[in-house]
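What follows is one structure encoded as structure tokens, with my remarks underneath.
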2 protein chains.
Amino acid sequence: MAGCGEDLKLLGMWASPFVVRVQIALRLKGLSYEYMEEDLQNKRELLLRSNPAHGGKVPVLIHNGKPVCESSVILRYIDEAFSGAGPSLLPADDPYGRAVALFWAVFIDDTLLKAPSQALRVATGEEKEEGRKKAAAAMETLEGVLRDSEAKFFSGRDCPGLVDVMLGGLLGSMRASEEMGRLQTFDSTTTPLLAAWAELFCTLDAVAPVMPRVERLVEYAEAMQQPRTAVSRTTS
Amino acid sequence: MAGCGEDLKLLGMWASPFVVRVQIALRLKGLSYEYMEEDLQNKRELLLRSNPAHGGKVPVLIHNGKPVCESSVILRYIDEAFSGAGPSLLPADDPYGRAVALFWAVFIDDTLLKAPSQALRVATGEEKEEGRKKAAAAMETLEGVLRDSEAKFFSGRDCPGLVDVMLGGLLGSMRASEEMGRLQTFDSTTTPLLAAWAELFCTLDAVAPVMPRVERLVEYAEAMQQPRTAVSRTTS
């Protein structure tokens, strides 16, 4: 599907930010793939068999029959296995540039990824407040990165790279948390560069069609709250 | 220090499994480096300046004046920036092999990395029991990986690779947790291949001199328990 003799299948679930990241990356690289929506309450045999160590978490990318699991691993795999297709997500001939991008990718997952799930979960007021503060501090840090680079994207180029995809994939979940009054996200007053980045990112052809709608995410999150959200337990 | 015109400094703290991982990787690649022990209660200016986004967490590797932070990022940087030195930590020309290794690296951090810190922290009996069960299940999974590969190391070769370093760097902390009765680690009855792997790994020239002594780790963990362990908050 991806090109001559290449077969790419993505097992996913629409609300998962991890799945959104992989879809954006595949589209940025211009790769064709078959998307298979999973019912996480009733996982298909292919998913269970493809990610047995995690009891069938999504996303799983299956390339010519071979499964790749964990979204951060899948993004790197897409970039390396299809290095000739589309723009590189990581700078190809620059180990230091790659290390810097990977650092920010880890930073985003350590700070902003946890914030919406913390905010949505049953937690004490103090824990929620701590989560909000951490998220706000992380956003200020990322605003500084954009300010220093003077580029439209975290990649430092005119097209998005790994860090853009890592952060961009979270935008739906973060906005849903904001809508539910649980999290303050990219504010045009306090973090104007991030707000402009988010707006630009969401209008990209590779992004717009796969970014989940906020109201649908809110509906899903509310339904999932009793019992505890399934998203955090079943996706990576 | 690493070779002609190369200068490598590692800012670390002896008890941190993340720092141990980086030291093992540098030694496996045969790279010379200057090790600088940090007092985390009184961090030197160089550390704070090198990892400002995390308030000066260790380890930080400084290569010719440029800092690289986050142990998982540092390991990959060492492998890529010094691809000509020593054996590769990740298979160089095999994107799928790299993805498989990175998957297990993430798996280890998601399961076994959290287990000792969970076990050491003030937690309810139920939480501790859950941590122990998860760790035991993860060890059985890793035993299966070694069984399937029929190799001495997770790398599938006669020398260790990234997965070996990721797991091996945790051995000291895991054994300290076991010593304190908080965690059952590699048992020669239930996970004989893992037990043999751990024994072999710890005797390697690249490993033995930098593996922290269990009794010293126990002493440190006990001292750190009031207030809550500093290891988990200050290292990555």
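Lettering and numbering for the structure tokens are positional, with chains as A, B, ... in the shown order, residues counted from 1 in each chain, and ligands counted from 1 in the shown order.
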Residues of chain A within 7 Å of chain B, only C-alpha atoms counted, as a list in words
Ala53, Val68, Cys69, Glu70, Val73, Tyr77, Glu80, Ala81, Pro95, Ala99, Leu102, Phe103 and Thr141 of chain A
Residues from last step as file, N, CA, C and O atoms, as a CSV table (one decimal), in the first residue's frame:
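File written: result.csv
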chain,number,residue,atom,x,y,z
A,53,ALA,N,3.1,-8.5,24.6
A,53,ALA,CA,3.7,-8.1,25.8
A,53,ALA,C,2.8,-7.1,26.5
A,53,ALA,O,2.9,-6.9,27.8
A,68,VAL,N,5.2,-3.4,14.6
A,68,VAL,CA,6.0,-2.5,15.4
A,68,VAL,C,5.1,-1.8,16.4
A,68,VAL,O,4.0,-1.3,16.0
A,69,CYS,N,5.5,-1.8,17.7
A,69,CYS,CA,4.6,-1.3,18.7
A,69,CYS,C,5.2,-0.2,19.4
A,69,CYS,O,6.4,0.0,19.3
A,70,GLU,N,4.4,0.6,20.2
A,70,GLU,CA,4.8,1.8,20.9
A,70,GLU,C,5.0,3.0,20.0
A,70,GLU,O,5.8,3.0,19.1
A,73,VAL,N,8.4,4.4,19.2
A,73,VAL,CA,9.2,3.5,18.4
A,73,VAL,C,8.7,3.5,17.0
A,73,VAL,O,9.5,3.5,16.0
A,77,TYR,N,10.6,4.3,13.5
A,77,TYR,CA,10.7,3.3,12.5
A,77,TYR,C,10.2,3.8,11.1
A,77,TYR,O,10.8,3.6,10.1
A,80,GLU,N,12.9,5.9,9.6
A,80,GLU,CA,14.1,5.2,9.2
A,80,GLU,C,13.9,4.2,8.1
A,80,GLU,O,14.7,4.0,7.1
A,81,ALA,N,12.7,3.5,8.2
A,81,ALA,CA,12.4,2.4,7.2
A,81,ALA,C,12.0,3.1,5.8
A,81,ALA,O,12.1,2.5,4.8
A,95,PRO,N,23.6,13.6,14.4
A,95,PRO,CA,23.3,12.9,15.6
A,95,PRO,C,23.0,13.9,16.8
A,95,PRO,O,22.1,13.6,17.6
A,99,ALA,N,19.5,14.1,18.9
A,99,ALA,CA,19.4,14.0,20.3
A,99,ALA,C,18.6,15.1,20.9
A,99,ALA,O,17.8,14.9,21.8
A,102,LEU,N,15.0,14.4,20.2
A,102,LEU,CA,14.5,13.3,21.1
A,102,LEU,C,14.3,13.7,22.5
A,102,LEU,O,13.4,13.3,23.2
A,103,PHE,N,15.2,14.6,23.0
A,103,PHE,CA,15.1,15.2,24.3
A,103,PHE,C,13.7,15.9,24.5
A,103,PHE,O,13.0,15.6,25.4
A,141,THR,N,8.2,26.6,28.8
A,141,THR,CA,9.5,26.1,28.3
A,141,THR,C,9.5,25.9,26.8
A,141,THR,O,10.4,26.3,26.1
Stretch 20-32 of chain A environment, 8 Å, only C-alpha atoms, sequence neighbours closer than 5 positions dropped, as a list in words
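Answer for this query is Met1, Ala2, Gly3, Leu8, Trp14, Ala15, Pro59, Ser71, Ile74, Leu75, Ile78, Asp79, Phe82, Ala85, Gly86, Pro87, Ser88, Leu89, Val165, Met166, Gly168, Gly169, Leu170, Ala206, Val207, Val210 and Met211 of chain A.
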Mind pulling up the distance from atom CA of B:Arg175 to atom CA of A:Gly55?
27.8 Å
So how many Å separate atom CA of B:Val218 and atom CA of B:Glu178, to one decimal?
9.6 Å
Determine, counting only C-alpha atoms, which protein, DNA and RNA residues have an atom within 10 Å of an atom of A:Ala151; residues of the same chain fewer than 6 positions away are not included. Present the result as a PyMOL selection string.
chain A and resi 145+157-159+193+197
Can you write out the residues you just picked, keeping N, CA and C atoms, as a CSV table (one decimal), in the first residue's frame?
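To be explicit, this is the file written out as out_3.csv:
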chain,number,residue,atom,x,y,z
A,145,VAL,N,11.5,27.5,23.4
A,145,VAL,CA,12.2,26.8,22.3
A,145,VAL,C,11.8,27.4,21.0
A,157,ARG,N,12.4,23.9,10.6
A,157,ARG,CA,12.3,24.0,9.2
A,157,ARG,C,10.9,24.5,8.9
A,158,ASP,N,10.5,24.5,7.6
A,158,ASP,CA,9.2,24.9,7.2
A,158,ASP,C,8.2,23.8,7.2
A,159,CYS,N,8.6,22.6,7.6
A,159,CYS,CA,7.7,21.5,7.7
A,159,CYS,C,7.9,20.8,9.1
A,193,LEU,N,3.4,32.1,20.7
A,193,LEU,CA,4.1,31.3,19.6
A,193,LEU,C,3.5,29.9,19.6
A,197,TRP,N,1.6,28.2,16.6
A,197,TRP,CA,2.1,26.9,16.1
A,197,TRP,C,0.9,25.9,16.0
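Straight-line separation from atom CA of A:Phe153 to atom CA of A:Pro91: 13.6 Å.
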Can you list every residue in stretch 26-236 of chain B that DSSP puts in strand (DSSP E or B), as a count of residues only?
14
